[in-house]
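Engineer: Would you mind keeping the following structure in view while I ask a few things?
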Amino acid sequence: LLSQHFAAIAAAGPIAGPILACQSFGWLPCILWITIGVIFIGGVHDLSALVASVRHDARSVAEIVRENIGRRAWISIMLFIWIALIYVIVAFVDITANTFLGRIEELNGVAIDFNRGGAVAGASIFYLFLSIVMGLVQHRFAPPLWLVTLIFVPATLGVVWIGTRFDSLMVLPAIPYLSPGKAWGLIILGYCFVASLLPMWLLLQPRGYLGGFVLYLALAAGVIGIFFGGFPIQQESFKTWNAPGETGSLFPFLFVTIACGACSGFHGLVCSGTTSRQIASESHCQPVGYGAMLLEAFVALIALSTVMIVSQATITAGRLAPGTIYGNGIGDYLCVVIGKQHRLIAITFGAMAFSTFVFDTLDVATRLGRYIIQELFGWARNAGALAATGLMVAIPALILMTAEPGAYLKFWILFGTSNQLLAALTLLSVTVWLHRNRKPVWFTLPPMVFVMTITLWSLFKQVTGPIESIRTHGLRPDITLMNGVISMALTLLAVSLLVEAVLAVRRGRRTD
């Protein structure tokens, strides 16, 4: 269960976040926040969310809020989760589309026999088809797990080579009024629509199983490369307190940029949505909930190392996205074992590993968003499922089609903020539940206050930025203005939930 839970929570968040934060603030603040944050905040959040769900008969975080705080708070957190999931989809689709373009400065002028962007896209798509084949085989023939593993895990590595052979098929033709990045974005969103409606046994479960092996191989390559590769650190340990561009000041943006590597509200959805239903004994919550969060931080530290060994000049000149940086780094680490002569295939594997983690997040986020829409509006039938899924895909598509190239950083900051504020709201609901049942709250209250403060501070800055821009340049509909409006909505929802929580505490503790 630990392995399955870890594969479910370890997506692209702990990879892209540290890479972006290191480029803005340096690697030392990132290491400090990842290690301290995961021990005292992230692990506490995941463990307490899992235990709370187990104690509430495996119900979700939203249901825990409804029982312990009230219906109005339940509506607020449902809307908050839905908006947060929209930004998960937007941010991850944009970053993955950049990975499929295959930009890498180090290969400029180098003669290679395949298109790297097409190879990564091909390997990722063949991997998804392989997962479906595995699901069909398991469903139809029910072979023993060892046989399935023996066949499909090596085949997962084989699709990397196959991607390099069919790379030209994945290079999109010129489309009028549509850049290759936006075209890939629409294709990925189409995948989200289909995958979130498929039975879990057909794609989600086999892909999660195979993706776990990809994740462990990437981790193993990272450990070998860090300790035995001899790669020099090329990023500065500390850069500035106030970074230019979208990131802004270290406080609060370092914390929300790193996002899932130290604390993630998405984990609470996984803990209370699926993992709590599989816990055999409550004593297992500690190694599964807290232990998997420690492993998530391990993923974040390895991702951080992949950008530490690249100069900022190389990143800027090549316009390298986080997925490309991670893929290059894991590929270089893997070359310590297989040799530099296989570097091109090795970095293709690294980039495919990143997109594998993204796909795992994207269809889960789309599926969860569809559930929320269906529950809020009572769309219980198949037509309701189709309509809710279409809405979950259409909104990100509209955002991405109107965004300028490389806008993922603007999406990422608000994604990280909403994700960590969701963690604070989860800790808030757990704290109210503990208090009403006469239990100690010293281990959930301080982390909740810290994360709530940081995230509301971040939202405030993202609201005031567009206001200042309107004063200076007038009203201009763009991503910054949209983020400002969404930030205001998230702030109002969070504050309303805080008010309801205070009222619930004032109503008194439970005596039953």
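Chains: A, B, ... in order of the structure tokens. Residues: from 1 per chain. Ligands: from 1, in order shown.
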Write down as a ChimeraX atom specification the residues of segment 273-332 of chain A whose backbone DSSP state falls under alpha helix (DSSP H).

Structural biologist: /A:273,285,291-308,312-318,322-332

Engineer: Suppose you want the space between atom CA of Ser496 of chain A and atom CA of Ser429 of chain A; what is it in Å?

Structural biologist: 13.0 Å

Engineer: DSSP on the backbone: which residues in segment 203-400 of chain A end up as strand (DSSP E or B)? Give the answer as an NGL selection string.

Structural biologist: :A and (242-243 or 248-249)

Engineer: Write out, as a short mmCIF file (atom, residue, chain, number, x, y, z; two decimals), in the first residue's frame, the residues just selected, with N, CA and C atoms.

Structural biologist:
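Saved the output as part09.cif:
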```cif
data_model
loop_
_atom_site.label_atom_id
_atom_site.label_comp_id
_atom_site.auth_asym_id
_atom_site.auth_seq_id
_atom_site.Cartn_x
_atom_site.Cartn_y
_atom_site.Cartn_z
N ASN A 242 14.70 38.85 -3.57
CA ASN A 242 13.63 39.31 -4.44
C ASN A 242 13.98 38.98 -5.89
N ALA A 243 13.41 37.91 -6.40
CA ALA A 243 13.69 37.47 -7.76
C ALA A 243 12.83 38.25 -8.75
N GLY A 248 8.95 36.69 -7.63
CA GLY A 248 8.92 37.74 -6.64
C GLY A 248 9.78 37.44 -5.43
N SER A 249 9.36 37.91 -4.26
CA SER A 249 10.15 37.81 -3.04
C SER A 249 10.21 36.37 -2.53
#
```

Engineer: Would you list the contacts of Ser458 of chain A as a list in words, taking every protein, DNA or RNA residue within 7 Å and counting only C-alpha atoms, but skipping same-chain residues closer than 5 positions in sequence?

Structural biologist: Pro252, Phe253 and Thr417 of chain A

Engineer: Pull all heavy atoms from the residues just selected and write them as a PDB file, in the first residue's frame.

Structural biologist:
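Contents of part16.pdb, freshly written:
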```pdb
ATOM      1  N   PRO A 252       6.653  35.216   0.215  1.00  0.00           N
ATOM      2  CA  PRO A 252       6.267  33.835   0.465  1.00  0.00           C
ATOM      3  C   PRO A 252       6.500  32.879  -0.703  1.00  0.00           C
ATOM      4  O   PRO A 252       6.156  31.712  -0.631  1.00  0.00           O
ATOM      5  CB  PRO A 252       4.763  33.986   0.669  1.00  0.00           C
ATOM      6  CG  PRO A 252       4.386  35.052  -0.331  1.00  0.00           C
ATOM      7  CD  PRO A 252       5.547  36.001  -0.372  1.00  0.00           C
ATOM      8  N   PHE A 253       7.093  33.372  -1.832  1.00  0.00           N
ATOM      9  CA  PHE A 253       7.004  32.608  -3.077  1.00  0.00           C
ATOM     10  C   PHE A 253       7.925  31.394  -3.133  1.00  0.00           C
ATOM     11  O   PHE A 253       7.686  30.490  -3.936  1.00  0.00           O
ATOM     12  CB  PHE A 253       7.244  33.528  -4.278  1.00  0.00           C
ATOM     13  CG  PHE A 253       6.126  34.487  -4.508  1.00  0.00           C
ATOM     14  CD1 PHE A 253       6.295  35.847  -4.321  1.00  0.00           C
ATOM     15  CD2 PHE A 253       4.882  34.031  -4.888  1.00  0.00           C
ATOM     16  CE1 PHE A 253       5.250  36.741  -4.522  1.00  0.00           C
ATOM     17  CE2 PHE A 253       3.825  34.906  -5.097  1.00  0.00           C
ATOM     18  CZ  PHE A 253       4.014  36.268  -4.907  1.00  0.00           C
ATOM     19  N   THR A 417       0.245  27.845  -4.804  1.00  0.00           N
ATOM     20  CA  THR A 417      -0.445  28.535  -3.719  1.00  0.00           C
ATOM     21  C   THR A 417      -1.739  27.835  -3.359  1.00  0.00           C
ATOM     22  O   THR A 417      -2.016  27.569  -2.180  1.00  0.00           O
ATOM     23  CB  THR A 417      -0.735  29.998  -4.122  1.00  0.00           C
ATOM     24  OG1 THR A 417       0.489  30.640  -4.489  1.00  0.00           O
ATOM     25  CG2 THR A 417      -1.373  30.751  -2.976  1.00  0.00           C
TER      26      THR A 417
END
```

Engineer: Quick one: residues within 9 Å of segment 440-447 of chain A, only C-alpha atoms counted, chain neighbours fewer than 4 positions away excluded, as a list of chain:residue names?

Structural biologist: A:Phe40, A:Ile41, A:Gly42, A:Val44, A:His45, A:Ser48, A:Ala424, A:Leu427, A:Leu428, A:Val430, A:Thr431, A:Val432, A:Leu434, A:His435, A:Val451, A:Met452

Engineer: I want to know what sits within 8 Å of segment 232-235 of chain A, based on only C-alpha atoms, with residues of the same chain fewer than 4 positions away left out; could you give that as a PyMOL selection string?

Structural biologist: chain A and resi 22-23+26-27+307-312

Engineer: Neighbouring residues of Gly117 of chain A were defined as those with any atom within 7 Å, considering only C-alpha atoms; residues of the same chain fewer than 3 positions away were excluded. Please report them as a PyMOL selection string.

Structural biologist: chain A and resi 99-102+120-121

Engineer: Counting only C-alpha atoms, which residues in segment 368-484 of chain A sit no more than 10 Å from segment 268-281 of chain A? For each one, give the nearest pair of atoms and the distance in Å, sorted by chain then residue number, as CSV.

Structural biologist:
```
residue,atom,partner,partner_atom,distance
A:Leu368,CA,A:Leu269,CA,8.8
A:Leu422,CA,A:Gly268,CA,8.5
A:Ala423,CA,A:Gly268,CA,7.0
A:Thr426,CA,A:Gly268,CA,7.1
A:Leu427,CA,A:Gly268,CA,9.3
```

Engineer: Keeping only N, CA, C and O atoms, take the residues you just selected and write them out as an mmCIF file, in the first residue's frame.

Structural biologist:
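Saved result, result33.cif, follows:
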```
data_model
loop_
_atom_site.group_PDB
_atom_site.id
_atom_site.type_symbol
_atom_site.label_atom_id
_atom_site.label_comp_id
_atom_site.auth_asym_id
_atom_site.auth_seq_id
_atom_site.Cartn_x
_atom_site.Cartn_y
_atom_site.Cartn_z
ATOM 1 N N LEU A 368 -11.236 13.624 -10.444
ATOM 2 C CA LEU A 368 -11.689 14.210 -9.184
ATOM 3 C C LEU A 368 -12.535 15.456 -9.426
ATOM 4 O O LEU A 368 -13.553 15.670 -8.752
ATOM 5 N N LEU A 422 -4.848 24.475 0.203
ATOM 6 C CA LEU A 422 -5.712 23.315 0.426
ATOM 7 C C LEU A 422 -5.174 22.462 1.573
ATOM 8 O O LEU A 422 -5.949 21.942 2.393
ATOM 9 N N ALA A 423 -3.831 22.319 1.639
ATOM 10 C CA ALA A 423 -3.239 21.587 2.761
ATOM 11 C C ALA A 423 -3.535 22.283 4.081
ATOM 12 O O ALA A 423 -3.843 21.637 5.094
ATOM 13 N N THR A 426 -7.084 21.598 4.985
ATOM 14 C CA THR A 426 -7.211 20.224 5.488
ATOM 15 C C THR A 426 -6.747 20.137 6.937
ATOM 16 O O THR A 426 -7.405 19.527 7.790
ATOM 17 N N LEU A 427 -5.599 20.757 7.243
ATOM 18 C CA LEU A 427 -5.113 20.788 8.627
ATOM 19 C C LEU A 427 -6.096 21.534 9.530
ATOM 20 O O LEU A 427 -6.265 21.168 10.706
#
```
